[in-house]
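**Q** Data file work-v5.pdb (PDB, C-alpha atoms) is appended below.
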```pdb
ATOM      1  CA  MET Y1089       0.000   0.000   0.000  1.00  0.00           C
ATOM      2  CA  SER Y1090       1.039   3.590  -0.415  1.00  0.00           C
ATOM      3  CA  GLN Y1091       0.435   4.515   3.199  1.00  0.00           C
ATOM      4  CA  ASN Y1092       3.976   5.901   3.272  1.00  0.00           C
ATOM      5  CA  ALA Y1093       2.921   8.596   0.791  1.00  0.00           C
ATOM      6  CA  PHE Y1094       1.481  10.461   3.791  1.00  0.00           C
ATOM      7  CA  PRO Y1095       2.987  10.854   7.252  1.00  0.00           C
ATOM      8  CA  GLU Y1096       1.911   8.094   9.611  1.00  0.00           C
ATOM      9  CA  PRO Y1097      -0.968   8.984  11.950  1.00  0.00           C
ATOM     10  CA  ALA Y1098       0.001  10.547  15.264  1.00  0.00           C
ATOM     11  CA  ASN Y1099      -2.657   8.474  17.080  1.00  0.00           C
ATOM     12  CA  GLU Y1100      -3.726   4.846  17.056  1.00  0.00           C
ATOM     13  CA  PRO Y1101      -6.409   4.073  14.472  1.00  0.00           C
ATOM     14  CA  LEU Y1102      -9.986   3.805  15.714  1.00  0.00           C
ATOM     15  CA  CYS Y1103     -10.467   1.167  13.048  1.00  0.00           C
ATOM     16  CA  VAL Y1104      -8.511  -0.563  10.309  1.00  0.00           C
ATOM     17  CA  LEU Y1105     -10.490  -2.433   7.672  1.00  0.00           C
ATOM     18  CA  ARG Y1106      -9.346  -4.509   4.728  1.00  0.00           C
ATOM     19  CA  PHE Y1107     -11.828  -4.710   1.844  1.00  0.00           C
ATOM     20  CA  ASP Y1108     -11.560  -6.718  -1.348  1.00  0.00           C
ATOM     21  CA  ASP Y1109     -14.909  -6.665  -3.135  1.00  0.00           C
ATOM     22  CA  PRO Y1110     -18.342  -4.999  -3.107  1.00  0.00           C
ATOM     23  CA  ASP Y1111     -19.603  -7.487  -0.500  1.00  0.00           C
ATOM     24  CA  ASP Y1112     -17.219  -5.898   2.036  1.00  0.00           C
ATOM     25  CA  LEU Y1113     -18.679  -2.392   1.646  1.00  0.00           C
ATOM     26  CA  PRO Y1114     -21.758  -2.738   3.932  1.00  0.00           C
ATOM     27  CA  ARG Y1115     -19.509  -3.863   6.823  1.00  0.00           C
ATOM     28  CA  LEU Y1116     -17.136  -0.992   6.033  1.00  0.00           C
ATOM     29  CA  ARG Y1117     -19.974   1.555   6.156  1.00  0.00           C
ATOM     30  CA  HIS Y1118     -21.221   0.124   9.461  1.00  0.00           C
ATOM     31  CA  GLU Y1119     -17.769   0.176  11.107  1.00  0.00           C
ATOM     32  CA  VAL Y1120     -16.937   3.671   9.843  1.00  0.00           C
ATOM     33  CA  GLY Y1121     -20.258   4.964  11.170  1.00  0.00           C
ATOM     34  CA  LYS Y1122     -19.655   3.429  14.602  1.00  0.00           C
ATOM     35  CA  ALA Y1123     -16.108   4.830  14.751  1.00  0.00           C
ATOM     36  CA  ALA Y1124     -17.203   8.311  13.618  1.00  0.00           C
ATOM     37  CA  GLU Y1125     -19.906   8.423  16.275  1.00  0.00           C
ATOM     38  CA  ALA Y1126     -17.501   7.173  18.957  1.00  0.00           C
ATOM     39  CA  ALA Y1127     -14.963   9.846  17.961  1.00  0.00           C
ATOM     40  CA  GLY Y1128     -17.581  12.545  18.544  1.00  0.00           C
ATOM     41  CA  LEU Y1129     -18.213  13.644  14.972  1.00  0.00           C
ATOM     42  CA  ASP Y1130     -21.286  15.865  14.724  1.00  0.00           C
ATOM     43  CA  PRO Y1131     -24.206  13.436  14.228  1.00  0.00           C
ATOM     44  CA  LEU Y1132     -25.409  15.519  11.278  1.00  0.00           C
ATOM     45  CA  ARG Y1133     -22.078  14.925   9.519  1.00  0.00           C
ATOM     46  CA  VAL Y1134     -21.753  11.187  10.195  1.00  0.00           C
ATOM     47  CA  PRO Y1135     -23.796  10.164   7.102  1.00  0.00           C
ATOM     48  CA  ASP Y1136     -21.587  12.311   4.840  1.00  0.00           C
ATOM     49  CA  PHE Y1137     -18.457  10.837   6.432  1.00  0.00           C
ATOM     50  CA  VAL Y1138     -19.756   7.295   5.918  1.00  0.00           C
ATOM     51  CA  LEU Y1139     -20.795   8.043   2.318  1.00  0.00           C
ATOM     52  CA  SER Y1140     -17.367   9.537   1.618  1.00  0.00           C
ATOM     53  CA  ALA Y1141     -15.518   6.531   3.059  1.00  0.00           C
ATOM     54  CA  HIS Y1142     -17.762   4.264   0.998  1.00  0.00           C
ATOM     55  CA  GLU Y1143     -17.009   6.224  -2.187  1.00  0.00           C
ATOM     56  CA  LEU Y1144     -13.258   5.951  -1.606  1.00  0.00           C
ATOM     57  CA  ALA Y1145     -13.450   2.217  -0.885  1.00  0.00           C
ATOM     58  CA  ALA Y1146     -15.779   1.620  -3.841  1.00  0.00           C
ATOM     59  CA  ASN Y1147     -13.261   3.363  -6.106  1.00  0.00           C
ATOM     60  CA  SER Y1148     -10.576   0.965  -4.882  1.00  0.00           C
ATOM     61  CA  VAL Y1149     -12.813  -2.052  -5.483  1.00  0.00           C
ATOM     62  CA  MET Y1150     -13.885  -0.870  -8.943  1.00  0.00           C
ATOM     63  CA  HIS Y1151     -10.583   0.476 -10.251  1.00  0.00           C
ATOM     64  CA  THR Y1152      -7.944  -1.873  -8.784  1.00  0.00           C
ATOM     65  CA  ASP Y1153      -7.473  -5.600  -8.792  1.00  0.00           C
ATOM     66  CA  GLY Y1154      -6.904  -6.010  -5.077  1.00  0.00           C
ATOM     67  CA  GLY Y1155      -9.196  -3.830  -2.996  1.00  0.00           C
ATOM     68  CA  GLY Y1156      -7.539  -1.797  -0.288  1.00  0.00           C
ATOM     69  CA  THR Y1157      -7.255  -0.824   3.349  1.00  0.00           C
ATOM     70  CA  LEU Y1158      -9.137   1.850   5.280  1.00  0.00           C
ATOM     71  CA  ARG Y1159      -7.704   3.459   8.422  1.00  0.00           C
ATOM     72  CA  LEU Y1160      -9.614   5.952  10.542  1.00  0.00           C
ATOM     73  CA  TRP Y1161      -8.280   8.030  13.442  1.00  0.00           C
ATOM     74  CA  ALA Y1162      -8.759  11.282  15.329  1.00  0.00           C
ATOM     75  CA  GLU Y1163      -5.959  13.813  15.326  1.00  0.00           C
ATOM     76  CA  GLN Y1164      -6.060  17.273  16.908  1.00  0.00           C
ATOM     77  CA  ASP Y1165      -9.491  18.604  15.880  1.00  0.00           C
ATOM     78  CA  SER Y1166     -10.154  16.276  12.927  1.00  0.00           C
ATOM     79  CA  LEU Y1167     -11.467  12.844  12.161  1.00  0.00           C
ATOM     80  CA  ILE Y1168      -9.320  11.408   9.369  1.00  0.00           C
ATOM     81  CA  CYS Y1169     -10.023   8.500   7.062  1.00  0.00           C
ATOM     82  CA  GLU Y1170      -7.434   7.106   4.676  1.00  0.00           C
ATOM     83  CA  VAL Y1171      -8.081   4.583   1.931  1.00  0.00           C
ATOM     84  CA  ALA Y1172      -4.987   3.077   0.333  1.00  0.00           C
ATOM     85  CA  ASP Y1173      -4.681   0.624  -2.534  1.00  0.00           C
ATOM     86  CA  HIS Y1174      -2.235  -0.589  -5.180  1.00  0.00           C
ATOM     87  CA  GLY Y1175      -3.878   1.348  -8.018  1.00  0.00           C
ATOM     88  CA  ALA Y1176      -2.591   4.380  -9.864  1.00  0.00           C
ATOM     89  CA  LEU Y1177      -4.575   7.562 -10.276  1.00  0.00           C
ATOM     90  CA  GLU Y1178      -3.747   8.934 -13.690  1.00  0.00           C
ATOM     91  CA  ASP Y1179      -5.751  12.173 -13.540  1.00  0.00           C
ATOM     92  CA  PRO Y1180      -3.938  14.635 -11.241  1.00  0.00           C
ATOM     93  CA  ALA Y1181      -7.098  16.794 -11.109  1.00  0.00           C
ATOM     94  CA  ALA Y1182      -9.412  13.927 -10.133  1.00  0.00           C
ATOM     95  CA  GLY Y1183     -12.200  15.176  -7.917  1.00  0.00           C
ATOM     96  CA  GLN Y1184     -11.481  18.843  -8.583  1.00  0.00           C
ATOM     97  CA  ARG Y1185     -13.819  19.349 -11.538  1.00  0.00           C
ATOM     98  CA  ARG Y1186     -17.581  18.951 -11.357  1.00  0.00           C
ATOM     99  CA  PRO Y1187     -18.253  15.683 -13.195  1.00  0.00           C
ATOM    100  CA  ASP Y1188     -20.882  15.083 -15.836  1.00  0.00           C
ATOM    101  CA  LEU Y1189     -23.504  13.576 -13.560  1.00  0.00           C
ATOM    102  CA  SER Y1190     -25.446  12.080 -16.480  1.00  0.00           C
ATOM    103  CA  GLY Y1191     -22.729   9.483 -17.102  1.00  0.00           C
ATOM    104  CA  HIS Y1192     -21.764   6.263 -15.364  1.00  0.00           C
ATOM    105  CA  GLY Y1193     -19.386   6.849 -12.484  1.00  0.00           C
ATOM    106  CA  GLY Y1194     -16.641   9.401 -12.204  1.00  0.00           C
ATOM    107  CA  ALA Y1195     -18.233  11.448  -9.429  1.00  0.00           C
ATOM    108  CA  GLY Y1196     -16.888   9.700  -6.302  1.00  0.00           C
ATOM    109  CA  LEU Y1197     -13.888  11.900  -5.536  1.00  0.00           C
ATOM    110  CA  TRP Y1198     -15.867  15.023  -6.372  1.00  0.00           C
ATOM    111  CA  ILE Y1199     -18.610  13.947  -3.947  1.00  0.00           C
ATOM    112  CA  VAL Y1200     -16.014  13.340  -1.223  1.00  0.00           C
ATOM    113  CA  ARG Y1201     -14.441  16.748  -1.874  1.00  0.00           C
ATOM    114  CA  GLN Y1202     -17.855  18.413  -1.471  1.00  0.00           C
ATOM    115  CA  ALA Y1203     -18.756  16.524   1.722  1.00  0.00           C
ATOM    116  CA  CYS Y1204     -15.450  16.724   3.608  1.00  0.00           C
ATOM    117  CA  ASP Y1205     -13.420  19.619   4.950  1.00  0.00           C
ATOM    118  CA  VAL Y1206     -10.153  18.311   3.457  1.00  0.00           C
ATOM    119  CA  LEU Y1207      -9.366  15.813   0.700  1.00  0.00           C
ATOM    120  CA  GLU Y1208      -5.782  14.903  -0.168  1.00  0.00           C
ATOM    121  CA  ILE Y1209      -4.660  12.418  -2.791  1.00  0.00           C
ATOM    122  CA  ARG Y1210      -1.213  10.894  -3.177  1.00  0.00           C
ATOM    123  CA  SER Y1211      -0.600   8.509  -6.045  1.00  0.00           C
ATOM    124  CA  VAL Y1212       2.845   7.010  -6.572  1.00  0.00           C
ATOM    125  CA  PRO Y1213       3.285   5.034  -9.814  1.00  0.00           C
ATOM    126  CA  GLY Y1214       4.239   1.458  -9.072  1.00  0.00           C
ATOM    127  CA  THR Y1215       3.415   1.868  -5.375  1.00  0.00           C
ATOM    128  CA  GLY Y1216      -0.238   2.802  -5.121  1.00  0.00           C
ATOM    129  CA  THR Y1217      -2.664   5.510  -4.156  1.00  0.00           C
ATOM    130  CA  ALA Y1218      -3.696   6.857  -0.763  1.00  0.00           C
ATOM    131  CA  VAL Y1219      -6.607   9.229  -0.286  1.00  0.00           C
ATOM    132  CA  ARG Y1220      -7.209  11.061   2.992  1.00  0.00           C
ATOM    133  CA  MET Y1221     -10.380  12.851   3.916  1.00  0.00           C
ATOM    134  CA  GLU Y1222     -10.958  14.899   7.044  1.00  0.00           C
ATOM    135  CA  MET Y1223     -13.898  16.349   8.908  1.00  0.00           C
ATOM    136  CA  THR Y1224     -13.552  18.765  11.790  1.00  0.00           C
ATOM    137  CA  LEU Y1225     -14.589  17.429  15.184  1.00  0.00           C
ATOM    138  CA  PRO Y1226     -16.632  19.585  17.543  1.00  0.00           C
ATOM    139  CA  HIS Y1227     -14.416  21.296  20.126  1.00  0.00           C
ATOM    140  CA  GLN Y1228     -15.622  19.180  23.050  1.00  0.00           C
ATOM    141  CA  ALA Y1229     -14.613  15.964  21.185  1.00  0.00           C
ATOM    142  CA  ALA Y1230     -11.245  17.184  19.900  1.00  0.00           C
ATOM    143  CA  GLY Y1231      -9.387  16.413  23.114  1.00  0.00           C
ATOM    144  CA  ARG Y1232     -10.372  12.725  23.150  1.00  0.00           C
TER     145      ARG Y1232
END
```
As a first step, turn the structure in this file into structure tokens.
**A**
Amino acid sequence: MSQNAFPEPANEPLCVLRFDDPDDLPRLRHEVGKAAEAAGLDPLRVPDFVLSAHELAANSVMHTDGGGTLRLWAEQDSLICEVADHGALEDPAAGQRRPDLSGHGGAGLWIVRQACDVLEIRSVPGTGTAVRMEMTLPHQAAGR
């Protein structure tokens, strides 16, 4: 995985999930939702966080031949989710342009960028791709 493309998390992950195919995605959504709630994410934002994690994992399932790994942790005032896989992202502007929503696919990263406070993508040819999304935690939860 390309987890080394980003600095390692400062805190222990709240969850680490391996996923390989579409059948793994319901469990992933459930676990991400539980972890986001436990971390103190605003309940109104939990569905967007879960949807965003699902979109990142679904991209890995659809566009790579080996699935990927999701890690989720709290750091300072943010809840961070990283999805890493062995695929290569060829479009350096992926997720930055509004997609043609009448087509089939191609909107996942754009949706994540709209829902989250931060989206970072690191793709290293021959190594893989890691995508990190962040949502700000309410102040009372940030010290957990």
**Q** Counting all atoms listed in the file, which residue out of Y:Glu1119, Y:Glu1222, Y:Asp1173, Y:Glu1208 sits closest to Y:Val1104?
**A**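 For Y:Val1104, the nearest of the candidates is Y:Glu1119.
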**Q** Show which residues sit within 10 Å of Y:Asp1153, as JSON, numbers by chain. Count only C-alpha atoms, and ignore same-chain residues fewer than 3 positions away.
**A** {"Y": [1108, 1109, 1148, 1149, 1150, 1156, 1173, 1174, 1175]}
**Q** In Å, how far is it from atom CA of Y:Val1212 to atom CA of Y:Leu1177?
**A**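 Between atom CA of Y:Val1212 and atom CA of Y:Leu1177 the gap is 8.3 Å.
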**Q** At what distance in Å, to one decimal, does atom CA of Y:Pro1101 lie from atom CA of Y:Trp1198?
**A**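 Calculated distance between atom CA of Y:Trp1198 and atom CA of Y:Pro1101 is 25.4 Å.
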**Q** Taking 4 positions as the minimum chain separation for residues in the same chain, which residues sit within 10 Å of Y:Phe1107 when counting only C-alpha atoms? Answer as a list in words.
**A**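 Counting only the stated atoms, we get Asp1111, Asp1112, Leu1113, Arg1115, Leu1116, Ala1145, Ala1146, Ser1148, Val1149, Gly1154, Gly1155, Gly1156, Thr1157, Leu1158 and Asp1173 of chain Y.
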**Q** Between Y:Leu1105, Y:Glu1163, Y:Val1171, Y:Lys1122, which has the minimum distance to Y:Pro1135 (counting only C-alpha atoms)?
**A**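 Using only C-alpha atoms, Y:Pro1135 sits closest to Y:Lys1122.
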**Q** For the file shown, report as a VMD selection string the outcome of the PyMOL selection byres ((chain Y and resi 1219) around 12) at residue level.
**A** chain Y and resid 1089 to 1094 1140 to 1141 1143 to 1145 1147 to 1148 1156 to 1160 1168 to 1177 1182 to 1183 1196 to 1197 1200 to 1201 1206 to 1212 1216 to 1218 1220 to 1222
**Q** Step by step: start from the point (-9.8, 8.0, 16.4) in the file's coordinates, keep every protein, DNA or RNA residue that has an atom no farther than 8 Å from it, count only C-alpha atoms, and write the set as a PyMOL selection string.
**A** chain Y and resi 1099-1103+1123-1124+1127+1160-1163+1167-1168
**Q** Y:Cys1204, Y:Leu1139, Y:Leu1225, Y:Ala1098: which is nearest Y:Pro1114, counting all atoms listed in the file?
**A**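 Distance minimum relative to Y:Pro1114 lands on Y:Leu1139.
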**Q** Could you tell me how far atom CA of Y:His1227 lies from atom CA of Y:Ile1199, in Å and to one decimal?
**A** 25.5 Å
**Q** Between Y:Leu1132, Y:Glu1125, Y:Asp1165, Y:Arg1117, which one has atoms that come closest to Y:Pro1226, using only C-alpha atoms?
**A**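 When distances to Y:Pro1226 are compared using only C-alpha atoms, the smallest one comes from Y:Asp1165.
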